[in-house]
Amino acid sequence: MNFNYQARTKKGEVRVGVIEASGKEVAISLLQKYGLYVTILQEASKTPLFSRKIKFLSRITGKEIVLFSRQLAIMFSANIPLVESLKTLALQTKNPDFKEKITKISEEIEGGTAFSLALAKYPKLFSSFYIAMIKSGEASGKLPESLDYLAEHLEKEYYLASKIKGALTYPAVVLFVVIAVFVLMILFVIPNLTNILRESGQELPLVTRIALALPDLLKKFGLPFLLAIIGMIAFSVRYYRTKKGRYFFDKLILRVPLLGSFLKIIFLSRFAESFSTLISGGIAITQSLEICNQIIGNAVYKEILSLAKEEVKKGERVSGILIKFPEFFPPLFTQMAVVGERTGSLDKTLLVLVGFYRKETDRIIESFLAILEPLLIVFLGVAVGGLMGAVLLPLYKMGGV
């Protein structure tokens with residue numbers, strides 16, 4: 001059987017490879033005879049046939065890209081050759097799909113391909129910004145610094161995304177519970193009490209009459225209503241996939257009170273940091289705008305950056321174009337950009353904005369979480385308690401009589 005190994009020589013140099021042996025102990029013994037001290041040894045098992053059919057289950061996550069970038073930055077800064085660093089990471093990676101891709105990248109580099117070009121073959125994994133930073137590091141001889149920056153940048157992006165998801169998970173769970181309780185009460189609790197309340201002969205309050213009518217309404221219109229919602233969602237998703245539809249929805253969400261302002265801060269911070277990093281790395285302004293266009297994540301900002309790129313080609317300043325869109329680039333952003341261009345320190349000026357926007361993002365999320373819990377408790381109490389009260393109040397009166 002074959003074993004993948006990572007080992008060190010007496011001089012401390014890292015060696016990575018495959019050895020054939022009848023067992024682990026034999027493999028270790030053979031490697032020691034070659035003067036190698038084994039640090040990692042794993043059996044090179046073949047991929048089962050059925051795993052190809054469920055390859056989607058081994059989808060490469062954003063977290064794995066973050067870990068890959070950080071580990072590669074650490075190993076490369078420790079003067080471990082790039083190819084050996086990649087082979088070591090491939091050996092340690094549990095995701096078979098990612099392991100295969102890292103191995104192929106290392107083989108490409110061994111064959112003489114530049115690291116940036118090898119990464120560019122996997123655009124779904126490595127963004128144009130990622131590849132541009134690697135290319136800049138290769139050209140300037142500062143690849144370790146580029147890798148370190150990318151690792152830090154991806155960690156911040158992942159942290160922000162995780163924080164937003166965490167903030168939205170709690171209200172989503174509460175909303176699901178409220179809907180589930182409502183449906184269960186309408187289907188099972190209220191029907192059992194309907195006859196009792198109607199035969200009591202007393203005049204029922206309006207809210208009780210509405211509650212008693214809900215089971216019949218749900219049976220009559222529940223399925224058509226559900227199908228209508230599914231149809232609307234399907235149409236919206238299909239329309240969103242068109243260029244016109246995406247622009248419409250992306251612009252609409254930016255105009256939603258509170259949410260739109262929060263999203264603008266995220267997009268402005270993303271653009272400022274990416275653009276600053278790219279131009280400070282020696283990448284042309286037009287190319288930097290094109291890369292930012294690809295990673296910004298909103299069709300409205302994409303259109304503005306595309307226009308900015310074309311106008312810069314004609315000799316316009318970036319700030320001169322952005323200032324024409326005050327709804328999406330506020331005066332604070334454009335004035336800082338103007339100052340940066342005049343002083344020749346646009347990259348540093350934009351980084352000041354990034355720091356401000358990050359603090360603002362954290363403040364908004366913390367404020368949102370602080371008021372969310374009491375609001376949800378009140379909502380849950382009013383919604384479920386109101387329905388329960390509408391049904392139980394007449395029963396209580398009957399008992400009193």
# chains A, B, ... in the order shown; residues from 1 in each chain; ligands from 1

call {"tool": "select_by_dssp", "arguments": {"residues": "range 191-327 of chain A", "states": "helix (DSSP H, G or I)", "output": "PyMOL selection string"}}
result
chain A and resi 191-199+206-240+243-254+259-280+285-295+299-313+318-322

call {"tool": "residues_around", "arguments": {"residues": "Phe328 in chain A", "least_positions_apart": "3", "cutoff": "12 Å", "atoms": "only C-alpha atoms", "output": "ChimeraX atom specification"}}
result
/A:250-251,254-255,260-268,271,298-305,321-325,331-334

call {"tool": "residues_around", "arguments": {"residues": "range 366-372 of chain A", "least_positions_apart": "2", "cutoff": "12 Å", "atoms": "only C-alpha atoms", "output": "NGL selection string"}}
result
:A and (163-172 or 174 or 258-259 or 262 or 359-364 or 374-379)

call {"tool": "residues_around", "arguments": {"residues": "Gly282 in chain A", "least_positions_apart": "4", "cutoff": "10 Å", "atoms": "only C-alpha atoms", "output": "ChimeraX atom specification"}}
result
/A:133,136-137,139-140,277-278,288

call {"tool": "residues_around", "arguments": {"residues": "Leu143 in chain A", "least_positions_apart": "4", "cutoff": "12 Å", "atoms": "only C-alpha atoms", "output": "list of chain:residue names"}}
result
A:Leu72, A:Ala73, A:Ile74, A:Phe76, A:Ser77, A:Asn79, A:Pro81, A:Leu82, A:Ala114, A:Phe115, A:Ser116, A:Ile131, A:Ala132, A:Met133, A:Ile134, A:Lys135, A:Ser136, A:Gly137, A:Glu138, A:Ala139, A:Leu147, A:Asp148, A:Tyr149, A:Leu150, A:Gly281

call {"tool": "write_last_selection", "arguments": {"atoms": "N, CA and C atoms", "output": "mmCIF file, in the first residue's frame"}}
result
data_model
loop_
_atom_site.group_PDB
_atom_site.id
_atom_site.type_symbol
_atom_site.label_atom_id
_atom_site.label_comp_id
_atom_site.auth_asym_id
_atom_site.auth_seq_id
_atom_site.Cartn_x
_atom_site.Cartn_y
_atom_site.Cartn_z
ATOM 1 N N LEU A 72 -0.937 28.558 4.559
ATOM 2 C CA LEU A 72 0.054 28.753 3.496
ATOM 3 C C LEU A 72 0.935 29.957 3.804
ATOM 4 N N ALA A 73 0.333 31.034 4.319
ATOM 5 C CA ALA A 73 1.097 32.233 4.675
ATOM 6 C C ALA A 73 2.112 31.922 5.772
ATOM 7 N N ILE A 74 1.698 31.146 6.778
ATOM 8 C CA ILE A 74 2.596 30.788 7.887
ATOM 9 C C ILE A 74 3.762 29.937 7.385
ATOM 10 N N PHE A 76 4.914 29.578 4.290
ATOM 11 C CA PHE A 76 5.770 30.260 3.319
ATOM 12 C C PHE A 76 6.669 31.282 4.010
ATOM 13 N N SER A 77 6.142 31.939 5.045
ATOM 14 C CA SER A 77 6.951 32.912 5.790
ATOM 15 C C SER A 77 8.027 32.219 6.619
ATOM 16 N N ASN A 79 9.929 30.082 5.380
ATOM 17 C CA ASN A 79 10.913 29.697 4.349
ATOM 18 C C ASN A 79 10.746 28.266 3.848
ATOM 19 N N PRO A 81 9.524 25.996 0.983
ATOM 20 C CA PRO A 81 9.221 26.228 -0.435
ATOM 21 C C PRO A 81 7.733 26.095 -0.735
ATOM 22 N N LEU A 82 7.271 26.871 -1.706
ATOM 23 C CA LEU A 82 5.845 26.930 -2.026
ATOM 24 C C LEU A 82 5.269 25.559 -2.375
ATOM 25 N N ALA A 114 3.317 29.743 -13.093
ATOM 26 C CA ALA A 114 3.312 30.702 -11.990
ATOM 27 C C ALA A 114 2.166 30.387 -11.032
ATOM 28 N N PHE A 115 2.366 30.690 -9.762
ATOM 29 C CA PHE A 115 1.366 30.406 -8.733
ATOM 30 C C PHE A 115 0.031 31.075 -9.067
ATOM 31 N N SER A 116 0.084 32.341 -9.491
ATOM 32 C CA SER A 116 -1.148 33.078 -9.810
ATOM 33 C C SER A 116 -1.906 32.435 -10.968
ATOM 34 N N ILE A 131 -6.292 36.424 -6.868
ATOM 35 C CA ILE A 131 -5.284 36.139 -7.894
ATOM 36 C C ILE A 131 -4.445 37.376 -8.188
ATOM 37 N N ALA A 132 -5.105 38.557 -8.223
ATOM 38 C CA ALA A 132 -4.378 39.802 -8.489
ATOM 39 C C ALA A 132 -3.360 40.092 -7.391
ATOM 40 N N MET A 133 -3.718 39.823 -6.139
ATOM 41 C CA MET A 133 -2.790 40.041 -5.028
ATOM 42 C C MET A 133 -1.602 39.092 -5.102
ATOM 43 N N ILE A 134 -1.855 37.835 -5.482
ATOM 44 C CA ILE A 134 -0.762 36.871 -5.645
ATOM 45 C C ILE A 134 0.154 37.308 -6.792
ATOM 46 N N LYS A 135 -0.457 37.751 -7.878
ATOM 47 C CA LYS A 135 0.315 38.212 -9.043
ATOM 48 C C LYS A 135 1.170 39.418 -8.682
ATOM 49 N N SER A 136 0.594 40.333 -7.899
ATOM 50 C CA SER A 136 1.336 41.510 -7.448
ATOM 51 C C SER A 136 2.504 41.101 -6.556
ATOM 52 N N GLY A 137 2.270 40.131 -5.672
ATOM 53 C CA GLY A 137 3.337 39.640 -4.794
ATOM 54 C C GLY A 137 4.454 38.965 -5.567
ATOM 55 N N GLU A 138 4.095 38.229 -6.614
ATOM 56 C CA GLU A 138 5.110 37.579 -7.463
ATOM 57 C C GLU A 138 5.961 38.616 -8.189
ATOM 58 N N ALA A 139 5.301 39.663 -8.700
ATOM 59 C CA ALA A 139 6.015 40.685 -9.479
ATOM 60 C C ALA A 139 6.937 41.528 -8.608
ATOM 61 N N LEU A 147 0.480 36.927 0.757
ATOM 62 C CA LEU A 147 -0.241 35.797 1.350
ATOM 63 C C LEU A 147 -0.743 36.139 2.747
ATOM 64 N N ASP A 148 0.102 36.830 3.511
ATOM 65 C CA ASP A 148 -0.277 37.206 4.868
ATOM 66 C C ASP A 148 -1.454 38.181 4.847
ATOM 67 N N TYR A 149 -1.406 39.144 3.914
ATOM 68 C CA TYR A 149 -2.511 40.100 3.803
ATOM 69 C C TYR A 149 -3.802 39.391 3.390
ATOM 70 N N LEU A 150 -3.708 38.504 2.415
ATOM 71 C CA LEU A 150 -4.896 37.780 1.945
ATOM 72 C C LEU A 150 -5.531 36.975 3.074
ATOM 73 N N GLY A 281 -0.450 47.919 -4.421
ATOM 74 C CA GLY A 281 0.362 46.809 -4.915
ATOM 75 C C GLY A 281 0.862 47.023 -6.337
#

call {"tool": "atom_distance", "arguments": {"atom1": "CA of Ser85 in chain A", "atom2": "CA of Lys142 in chain A"}}
result
16.8 Å

call {"tool": "residues_around", "arguments": {"residues": "Asp347 in chain A", "least_positions_apart": "5", "cutoff": "8 Å", "atoms": "only C-alpha atoms", "output": "PDB file with C-alpha atoms, in the first residue's frame"}}
result
ATOM      1  CA  PHE A 275      -9.181  49.191  -4.232  1.00  0.00           C
ATOM      2  CA  SER A 276      -6.634  50.542  -1.738  1.00  0.00           C
ATOM      3  CA  THR A 277      -4.789  47.217  -1.570  1.00  0.00           C
ATOM      4  CA  ILE A 279      -3.402  50.238  -6.227  1.00  0.00           C
ATOM      5  CA  SER A 280      -0.821  50.117  -3.413  1.00  0.00           C
ATOM      6  CA  GLY A 340      -6.360  61.179  -1.346  1.00  0.00           C
TER       7      GLY A 340
END

call {"tool": "atom_distance", "arguments": {"atom1": "CA of Gly315 in chain A", "atom2": "CA of Ile285 in chain A"}}
result
11.3 Å

call {"tool": "atom_distance", "arguments": {"atom1": "CA of Ile102 in chain A", "atom2": "CA of Phe129 in chain A"}}
result
18.8 Å

call {"tool": "residues_around", "arguments": {"residues": "Met388 in chain A", "least_positions_apart": "5", "cutoff": "9 Å", "atoms": "only C-alpha atoms", "output": "ChimeraX atom specification"}}
result
/A:185,383,393
